[in-house]
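File shown here: my_file-v3.cif, holding mmCIF, C-alpha atoms.
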data_model
#
loop_
_atom_site.label_atom_id
_atom_site.label_comp_id
_atom_site.auth_asym_id
_atom_site.auth_seq_id
_atom_site.Cartn_x
_atom_site.Cartn_y
_atom_site.Cartn_z
CA MET A 1 -29.10 5.57 -0.46
CA SER A 2 -26.59 6.98 2.03
CA SER A 3 -27.62 4.53 4.73
CA LEU A 4 -27.21 1.60 2.32
CA LEU A 5 -23.74 2.83 1.32
CA PHE A 6 -22.84 3.35 4.99
CA SER A 7 -24.03 -0.18 5.85
CA LEU A 8 -22.06 -1.71 2.98
CA GLY A 9 -19.02 0.22 4.21
CA VAL A 10 -19.46 -1.14 7.75
CA ALA A 11 -19.78 -4.70 6.41
CA PHE A 12 -16.73 -4.26 4.18
CA GLY A 13 -14.77 -2.73 7.07
CA LEU A 14 -15.64 -5.62 9.39
CA VAL A 15 -14.63 -8.23 6.81
CA LEU A 16 -11.36 -6.47 5.93
CA SER A 17 -10.52 -6.04 9.62
CA ARG A 18 -11.24 -9.62 10.65
CA SER A 19 -9.77 -11.36 7.60
CA GLY A 20 -6.25 -9.91 7.77
CA ALA A 21 -6.61 -7.41 4.92
CA THR A 22 -5.95 -4.52 7.32
CA ASP A 23 -3.14 -6.33 9.14
CA TYR A 24 0.46 -5.25 8.50
CA ASP A 25 1.79 -8.79 9.00
CA TYR A 26 -0.76 -10.52 6.74
CA ILE A 27 0.07 -8.11 3.91
CA GLN A 28 3.79 -8.84 4.33
CA LYS A 29 3.11 -12.60 4.47
CA MET A 30 1.14 -12.28 1.23
CA PHE A 31 4.03 -10.54 -0.54
CA LEU A 32 6.57 -12.95 1.02
CA PHE A 33 4.36 -15.96 0.06
CA THR A 34 4.55 -17.33 3.62
CA ASP A 35 0.73 -17.27 4.10
CA LEU A 36 -1.78 -17.43 1.25
CA GLN A 37 -4.80 -16.06 3.22
CA LEU A 38 -5.02 -12.82 1.21
CA TYR A 39 -4.66 -14.59 -2.15
CA GLY A 40 -7.56 -16.83 -1.14
CA ILE A 41 -9.71 -13.82 -0.25
CA ILE A 42 -8.99 -11.89 -3.46
CA GLY A 43 -9.29 -15.04 -5.57
CA VAL A 44 -12.71 -16.00 -4.18
CA ALA A 45 -13.94 -12.39 -4.36
CA VAL A 46 -13.00 -12.12 -8.06
CA ALA A 47 -14.22 -15.63 -8.93
CA VAL A 48 -17.67 -14.94 -7.43
CA ALA A 49 -18.00 -11.29 -8.49
CA MET A 50 -17.16 -12.20 -12.12
CA PRO A 51 -20.27 -14.30 -12.90
CA GLY A 52 -22.33 -12.08 -10.60
CA LEU A 53 -21.49 -8.88 -12.46
CA TRP A 54 -21.95 -10.73 -15.77
CA LEU A 55 -25.45 -11.78 -14.72
CA LEU A 56 -26.27 -8.22 -13.62
CA GLN A 57 -25.09 -6.97 -17.00
CA LYS A 58 -27.28 -9.59 -18.74
CA ARG A 59 -30.24 -8.53 -16.63
CA GLY A 60 -29.46 -4.94 -17.55
CA THR A 61 -31.32 -3.19 -14.75
CA THR A 62 -30.79 -2.44 -11.08
CA LEU A 63 -33.17 -3.34 -8.29
CA HIS A 64 -34.89 0.01 -8.93
CA GLY A 65 -35.16 -0.62 -12.69
CA ASP A 66 -32.41 1.79 -13.77
CA PRO A 67 -29.95 0.70 -16.48
CA ILE A 68 -26.89 -0.98 -14.90
CA LYS A 69 -23.85 1.29 -15.19
CA LEU A 70 -20.62 -0.70 -15.03
CA THR A 71 -17.60 1.54 -14.40
CA SER A 72 -15.17 1.22 -17.30
CA LYS A 73 -11.46 1.55 -16.68
CA PRO A 74 -9.49 3.70 -19.15
CA SER A 75 -6.29 2.01 -20.29
CA HIS A 76 -3.08 4.08 -20.24
CA ARG A 77 0.54 3.89 -19.13
CA GLY A 78 -0.43 5.21 -15.70
CA ASN A 79 -2.11 1.84 -14.95
CA ILE A 80 1.33 0.23 -14.81
CA VAL A 81 3.47 3.13 -13.53
CA GLY A 82 0.90 4.11 -10.90
CA GLY A 83 0.27 0.48 -9.99
CA ALA A 84 4.02 0.03 -9.45
CA LEU A 85 4.21 3.12 -7.20
CA PHE A 86 1.21 1.89 -5.24
CA GLY A 87 2.93 -1.50 -4.83
CA VAL A 88 5.77 0.24 -2.99
CA GLY A 89 3.32 2.05 -0.70
CA TRP A 90 1.25 -1.07 -0.02
CA ALA A 91 4.35 -3.06 0.93
CA MET A 92 5.71 -0.24 3.12
CA THR A 93 2.50 0.30 5.08
CA GLY A 94 0.51 -2.92 4.71
CA MET A 95 -2.42 -0.71 3.68
CA CYS A 96 -4.37 -0.05 0.52
CA PRO A 97 -7.00 2.71 0.23
CA GLY A 98 -9.97 0.84 1.80
CA PRO A 99 -7.98 -0.45 4.77
CA LEU A 100 -6.54 3.06 5.35
CA PHE A 101 -9.94 4.00 6.75
CA VAL A 102 -10.56 0.67 8.52
CA THR A 103 -7.19 0.63 10.33
CA LEU A 104 -7.91 4.17 11.50
CA GLY A 105 -11.16 2.91 13.04
CA GLU A 106 -9.40 -0.08 14.60
CA GLY A 107 -7.25 2.38 16.55
CA LYS A 108 -3.96 1.78 14.76
CA VAL A 109 -2.29 5.13 15.41
CA TYR A 110 0.08 4.90 12.43
CA ALA A 111 -2.97 4.81 10.11
CA ILE A 112 -3.34 8.57 10.71
CA ALA A 113 0.11 9.10 9.19
CA ALA A 114 -0.58 6.76 6.27
CA LEU A 115 -3.91 8.46 5.49
CA ALA A 116 -2.31 11.92 5.70
CA GLY A 117 0.42 10.72 3.33
CA ALA A 118 -2.14 9.23 0.95
CA LEU A 119 -4.09 12.51 0.84
CA LEU A 120 -0.86 14.43 0.18
CA GLY A 121 0.06 11.95 -2.58
CA THR A 122 -3.40 12.27 -4.14
CA TRP A 123 -3.20 16.06 -4.02
CA LEU A 124 0.30 16.05 -5.56
CA PHE A 125 -0.95 13.80 -8.36
CA GLY A 126 -3.87 16.15 -9.04
CA VAL A 127 -1.58 19.18 -9.15
CA VAL A 128 0.94 17.63 -11.57
CA TYR A 129 -1.67 15.78 -13.68
CA ASP A 130 -1.50 18.09 -16.69
CA ARG A 131 2.31 17.97 -16.73
CA ILE A 132 2.62 14.15 -16.63
CA ARG A 133 -0.49 13.38 -18.69
CA ALA A 134 1.11 13.30 -22.16
CA PRO A 135 4.04 10.89 -21.48
CA LEU A 136 1.68 8.57 -19.58
CA LYS A 137 -0.99 8.83 -22.30
CA MET A 138 -3.68 9.57 -19.70
CA PRO A 139 -7.07 11.11 -20.63
CA ALA A 140 -7.72 14.88 -20.54
CA ILE A 141 -7.93 16.46 -17.10
CA THR A 142 -11.73 16.76 -17.33
CA ALA A 143 -11.94 12.95 -17.63
CA GLY A 144 -9.09 11.97 -15.29
CA PRO A 145 -7.20 8.67 -15.03
CA GLY A 146 -10.28 6.58 -14.21
CA ALA A 147 -12.47 6.09 -11.14
CA GLY A 148 -11.87 3.18 -8.83
CA MET B 149 -3.04 -14.28 14.37
CA LEU B 150 -4.09 -10.69 13.72
CA LEU B 151 -2.36 -7.75 15.41
CA LEU B 152 -5.88 -6.79 16.57
CA HIS B 153 -6.31 -8.56 19.93
CA GLN B 154 -4.38 -11.57 18.57
CA LEU B 155 -7.59 -12.81 16.92
CA SER B 156 -7.63 -15.75 14.55
CA PRO B 157 -8.63 -14.39 11.14
CA MET B 158 -11.92 -15.46 9.55
CA HIS B 159 -11.70 -18.09 6.83
CA TRP B 160 -10.51 -16.69 3.50
CA ALA B 161 -13.38 -18.29 1.59
CA TYR B 162 -16.03 -16.56 3.74
CA ALA B 163 -14.15 -13.25 3.51
CA GLY B 164 -13.94 -13.55 -0.28
CA LEU B 165 -17.64 -14.45 -0.55
CA ALA B 166 -18.60 -11.50 1.64
CA ILE B 167 -16.53 -9.09 -0.47
CA ALA B 168 -18.13 -10.44 -3.66
CA ALA B 169 -21.58 -10.02 -2.11
CA ILE B 170 -20.82 -6.41 -1.13
CA THR B 171 -19.54 -5.72 -4.68
CA LEU B 172 -22.73 -7.16 -6.19
CA VAL B 173 -25.15 -5.37 -3.84
CA LEU B 174 -23.31 -2.10 -4.47
CA GLN B 175 -23.81 -2.58 -8.22
CA PHE B 176 -27.34 -4.01 -8.11
CA VAL B 177 -28.87 -1.60 -5.61
CA ALA B 178 -26.70 1.55 -5.66
CA ASN B 179 -25.49 1.11 -9.28
CA ARG B 180 -21.88 1.87 -8.30
CA GLY B 181 -18.67 0.06 -9.11
CA LEU B 182 -16.59 -0.94 -6.10
CA GLY B 183 -13.45 1.20 -5.90
CA LEU B 184 -12.18 3.24 -3.01
CA SER B 185 -9.08 5.14 -4.12
CA SER B 186 -11.25 7.84 -5.73
CA GLY B 187 -12.47 8.53 -2.19
CA LEU B 188 -9.06 10.11 -1.58
CA GLU B 189 -9.88 12.54 -4.41
CA ASP B 190 -13.28 13.22 -2.90
CA VAL B 191 -11.53 14.29 0.32
CA CYS B 192 -8.98 16.44 -1.57
CA SER B 193 -11.79 18.08 -3.57
CA LEU B 194 -13.15 19.52 -0.32
CA ALA B 195 -9.97 21.52 0.22
CA SER B 196 -8.30 22.01 -3.18
CA SER B 197 -9.43 24.26 -6.01
CA ALA B 198 -6.91 22.77 -8.50
CA PRO B 199 -8.69 22.03 -11.83
CA TYR B 200 -8.09 18.28 -11.35
CA PHE B 201 -10.27 18.29 -8.24
CA LYS B 202 -13.03 20.24 -10.01
CA ARG B 203 -13.77 17.40 -12.45
CA PRO B 204 -17.47 16.69 -13.05
CA GLU B 205 -17.13 13.08 -11.82
CA LEU B 206 -16.11 14.36 -8.35
CA LYS B 207 -19.38 16.31 -7.96
CA ASP B 208 -21.09 13.10 -6.85
CA ARG B 209 -19.51 12.12 -3.56
CA TRP B 210 -21.21 8.76 -3.06
CA ARG B 211 -18.06 7.30 -1.50
CA PHE B 212 -18.27 9.48 1.63
CA PRO B 213 -20.92 7.38 3.43
CA PHE B 214 -19.06 4.22 2.33
CA LEU B 215 -15.76 5.56 3.76
CA PHE B 216 -17.47 6.54 7.03
CA GLY B 217 -18.82 2.98 7.10
CA LEU B 218 -15.31 1.55 6.68
CA PHE B 219 -14.11 3.68 9.59
CA ALA B 220 -17.10 2.63 11.72
CA GLY B 221 -16.55 -1.01 10.75
CA GLY B 222 -12.99 -0.75 12.05
CA ILE B 223 -14.20 0.67 15.37
CA LEU B 224 -16.89 -2.00 15.64
CA SER B 225 -14.39 -4.75 14.82
CA ALA B 226 -12.01 -3.64 17.59
CA ALA B 227 -14.73 -2.86 20.13
CA SER B 228 -16.47 -6.21 19.68
CA ALA B 229 -13.21 -8.18 19.83
CA GLY B 230 -11.99 -7.11 23.25
CA GLY B 231 -12.25 -3.35 23.38
CA TRP B 232 -11.14 -0.34 21.36
CA GLN B 233 -7.73 0.98 22.30
CA PRO B 234 -4.92 2.86 20.52
CA ILE B 235 -2.62 0.34 18.79
CA TRP B 236 1.03 1.11 17.98
CA ASP B 237 1.95 -2.54 17.25
CA ALA B 238 3.11 -2.96 13.66
CA GLY B 239 4.22 -6.57 14.02
CA MET B 240 7.08 -7.53 11.71
CA LEU B 241 8.10 -3.90 11.17
CA ASP B 242 8.68 -3.50 14.92
CA HIS B 243 10.67 -6.74 15.08
CA ALA B 244 12.83 -5.65 12.15
CA LEU B 245 13.45 -2.01 12.99
CA ALA B 246 12.28 -1.10 16.53
CA LEU B 247 11.37 2.40 15.28
CA SER B 248 10.57 5.23 17.70
CA LYS B 249 7.00 6.48 17.50
CA PRO B 250 7.86 9.58 15.40
CA ALA B 251 10.00 7.46 13.06
CA LYS B 252 7.19 4.95 12.67
CA LEU B 253 4.75 7.73 11.79
CA ALA B 254 7.27 9.07 9.25
CA TRP B 255 7.58 5.59 7.68
CA PHE B 256 3.81 5.24 7.28
CA PHE B 257 3.47 8.83 6.04
CA ALA B 258 6.09 8.19 3.35
CA GLY B 259 4.38 4.95 2.33
CA GLY B 260 1.05 6.77 2.26
CA ILE B 261 2.34 9.24 -0.34
CA PHE B 262 3.06 6.29 -2.66
CA ILE B 263 -0.44 4.88 -2.00
CA GLY B 264 -2.20 8.14 -2.88
CA PHE B 265 -0.06 9.13 -5.87
CA GLY B 266 0.16 5.59 -7.23
CA THR B 267 -3.47 4.48 -6.91
CA ARG B 268 -4.74 7.66 -8.52
CA MET B 269 -2.27 7.44 -11.37
CA ALA B 270 -3.28 3.81 -11.87
CA GLY B 271 -6.97 4.76 -11.87
CA GLY B 272 -7.78 2.41 -9.01
CA CYS B 273 -6.50 0.23 -6.19
CA THR B 274 -6.97 -3.26 -4.82
CA SER B 275 -10.74 -2.88 -4.74
CA GLY B 276 -11.32 -0.95 -7.98
CA HIS B 277 -8.78 -2.76 -10.15
CA GLY B 278 -7.93 -5.90 -8.13
CA ILE B 279 -11.52 -7.00 -7.49
CA TYR B 280 -14.07 -5.01 -9.53
CA GLY B 281 -11.90 -4.48 -12.63
CA MET B 282 -10.41 -7.98 -12.56
CA ALA B 283 -13.90 -9.47 -12.22
CA ARG B 284 -14.76 -7.70 -15.50
CA LEU B 285 -11.42 -8.54 -17.13
CA GLN B 286 -10.72 -4.89 -17.87
CA PRO B 287 -7.29 -4.60 -19.57
CA ALA B 288 -6.43 -1.53 -17.45
CA SER B 289 -7.18 -3.49 -14.29
CA ILE B 290 -5.17 -6.53 -15.34
CA LYS B 291 -2.16 -4.28 -16.04
CA ALA B 292 -2.51 -2.34 -12.78
CA THR B 293 -3.07 -5.46 -10.65
CA ILE B 294 -0.03 -7.22 -12.10
CA ALA B 295 2.02 -4.04 -11.51
CA PHE B 296 1.06 -3.53 -7.86
CA MET B 297 1.25 -7.21 -6.92
CA ALA B 298 4.65 -7.59 -8.61
CA VAL B 299 6.18 -4.42 -7.18
CA GLY B 300 4.68 -5.08 -3.73
CA THR B 301 6.25 -8.54 -3.81
CA VAL B 302 9.63 -7.14 -4.83
CA THR B 303 9.45 -4.39 -2.19
CA SER B 304 8.52 -6.69 0.72
CA ASN B 305 11.14 -9.25 -0.29
CA LEU B 306 13.79 -6.53 -0.55
CA LEU B 307 12.81 -5.17 2.86
CA TYR B 308 12.44 -8.42 4.79
CA ARG B 309 14.81 -10.80 2.99
CA VAL B 310 17.62 -8.37 2.05
CA ILE B 311 17.66 -5.01 3.85
CA PHE B 312 16.31 -6.02 7.30
CA ALA B 313 17.68 -9.57 7.16
#

Whole structure, structure tokens version:
Amino acid sequence: MSSLLFSLGVAFGLVLSRSGATDYDYIQKMFLFTDLQLYGIIGVAVAVAMPGLWLLQKRGTTLHGDPIKLTSKPSHRGNIVGGALFGVGWAMTGMCPGPLFVTLGEGKVYAIAALAGALLGTWLFGVVYDRIRAPLKMPAITAGPGAG
Amino acid sequence: MLLLHQLSPMHWAYAGLAIAAITLVLQFVANRGLGLSSGLEDVCSLASSAPYFKRPELKDRWRFPFLFGLFAGGILSAASAGGWQPIWDAGMLDHALALSKPAKLAWFFAGGIFIGFGTRMAGGCTSGHGIYGMARLQPASIKATIAFMAVGTVTSNLLYRVIFA
């Protein structure tokens, strides 16, 4: 299983790297609406994954015959507040969590700083989770804000 | 053109198809939902004993081989395009600010804090909410995706059309 996951990661990394998704300027051009490349990528990915995942759910089993487990996303105020905070970080760095690791591989030196910052931000969130959980209506700490 | 060796990017339709295919294989064969921001928690859970990082869902660290793959894919992409070399070029940011190297690292570090804190609070990022969650029309993902696209748009426009202009 690890080699399959590694291979999918390599494929995903190659596509993100060569399509502009790991490129500071393409992310800015997406947010400035001066180049629609990234909207095209996300749009096609969602439009094709939607019927694909629906068909997998209909089929009900994986290749190995196990029941398909679709990750559900808990709904809470953190979706919006956290999404907004992430929007600031994405615009500042041109990176989201997948591309953090790809840009590091590409040799972009500033990716080291962005990844270090992202790990610090994740750690900070984990440490304050129980204090900010109630106002944001997030699940108990044992469940967390949702995987993704 | 990409900052990486001034390559022309691949066509958006092929890139989108490839990402959909990866999402579907991941679900069909490995039975996992695409989503990478939790990988940041997997890394933190190696070093932190805070209760948040001891959650049962973090016991299974399936994202590690995927993240190593992303890193390797980046190396392979650079190496096969004209050679791997350290890149400091940050395109438009350099044109706007001409930051020194330490200042540039500080800028990306600060932005990174928002990425980590924000994606985890949101319960996902561009892959988990923007692609996987949107493809399943999850209300949480629709809210999060609207929030990060809207605030990213406002932030970039403030930076490049107001502050740096």

Which residue is closest to chain B? Choose from A:Gly117, A:Gly43, A:Pro99, A:Gly60 and count only C-alpha atoms.
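Of A:Gly117, A:Gly43, A:Pro99, A:Gly60, the one nearest chain B is A:Gly117, counting only C-alpha atoms.
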
When you count all atoms listed in the file, which of these residues is closest to Arg268 of chain B: B:Leu253, B:Leu151, B:Ala161, B:Cys192?
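Among B:Leu253, B:Leu151, B:Ala161, B:Cys192, it is B:Cys192 that comes nearest to Arg268 of chain B.
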
In Å, how far is it from atom CA of Thr301 of chain B to atom CA of Pro135 of chain A?
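Atom CA of Pro135 of chain A lies at a distance of 26.4 Å from atom CA of Thr301 of chain B.
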
Using only C-alpha atoms, pick whichever of B:Val302, B:Ile261, B:Ser275, B:Val310 has the shortest atom-to-atom distance to chain A.
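Among the listed residues, B:Ile261 lies closest to chain A.
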
Exercise: segment 65-69 of chain A partners within 8 Å, only C-alpha atoms, chain neighbours under 5 positions left out, as a list in words:
Leu56, Gln57 and Gly60 of chain A; Gln175, Phe176, Asn179 and Arg180 of chain B

Residues returned when the PyMOL selection byres ((chain B and resi 201) around 9) runs on this file, as a VMD selection string
(chain A and resid 123 126 to 127) or (chain B and resid 189 to 190 192 to 194 196 to 200 202 to 204 206)

Determine, counting all atoms listed in the file, which protein, DNA and RNA residues have an atom within 10 Å of an atom of segment 213-230 of chain B; residues of the same chain fewer than 2 positions away are not included. Present the result as a count of residues only.
43

Carefully work through the PyMOL selection byres ((chain B and resi 244) around 10) for this structure and note down the residues it includes, as a list in words.
Gly239, Met240, Leu241, Asp242, His243, Leu245, Ala246, Leu247, Leu307, Tyr308, Ile311, Phe312 and Ala313 of chain B

Expand the PyMOL selection byres ((chain A and resi 38) around 9) into the explicit residue set it covers here, and present it as an MDAnalysis selection string.
(chainID A and resid 19:21 26:27 29:30 35:37 39:43) or (chainID B and resid 160)

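Coordinates place atom CA of Gly82 of chain A at a distance of 10.2 Å from atom CA of Phe125 of chain A.
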
Please determine, counting all atoms listed in the file, which residue among B:Phe256, B:Phe296, B:Tyr280, B:Phe265 has the shortest atom-to-atom distance to Met95 of chain A.
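Of all the options, B:Phe256 lies closest to Met95 of chain A.
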
For Gly78 of chain A, find every residue with an atom within 6 Å (counting only C-alpha atoms), except residues of its own chain fewer than 6 positions away, and show them as a list in words.
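Contacts, with the query itself left out: Leu136 of chain A; Met269 and Ala270 of chain B.
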
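The shortest atom-to-atom distance to chain A, with all atoms listed in the file taken into account, belongs to B:Gly183 out of B:Ile290, B:Gly281, B:Gly183, B:Ala178.
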
Point-to-point distance from atom CA of Leu85 of chain A to atom CA of Gly266 of chain B, Å rounded to tenths:
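These two atoms are separated by 4.7 Å.
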
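With all atoms listed in the file as the atoms that count, the residue of A:Met92, A:Ala47, A:Leu63, A:Ile80 with the shortest distance to Val173 of chain B is A:Leu63.
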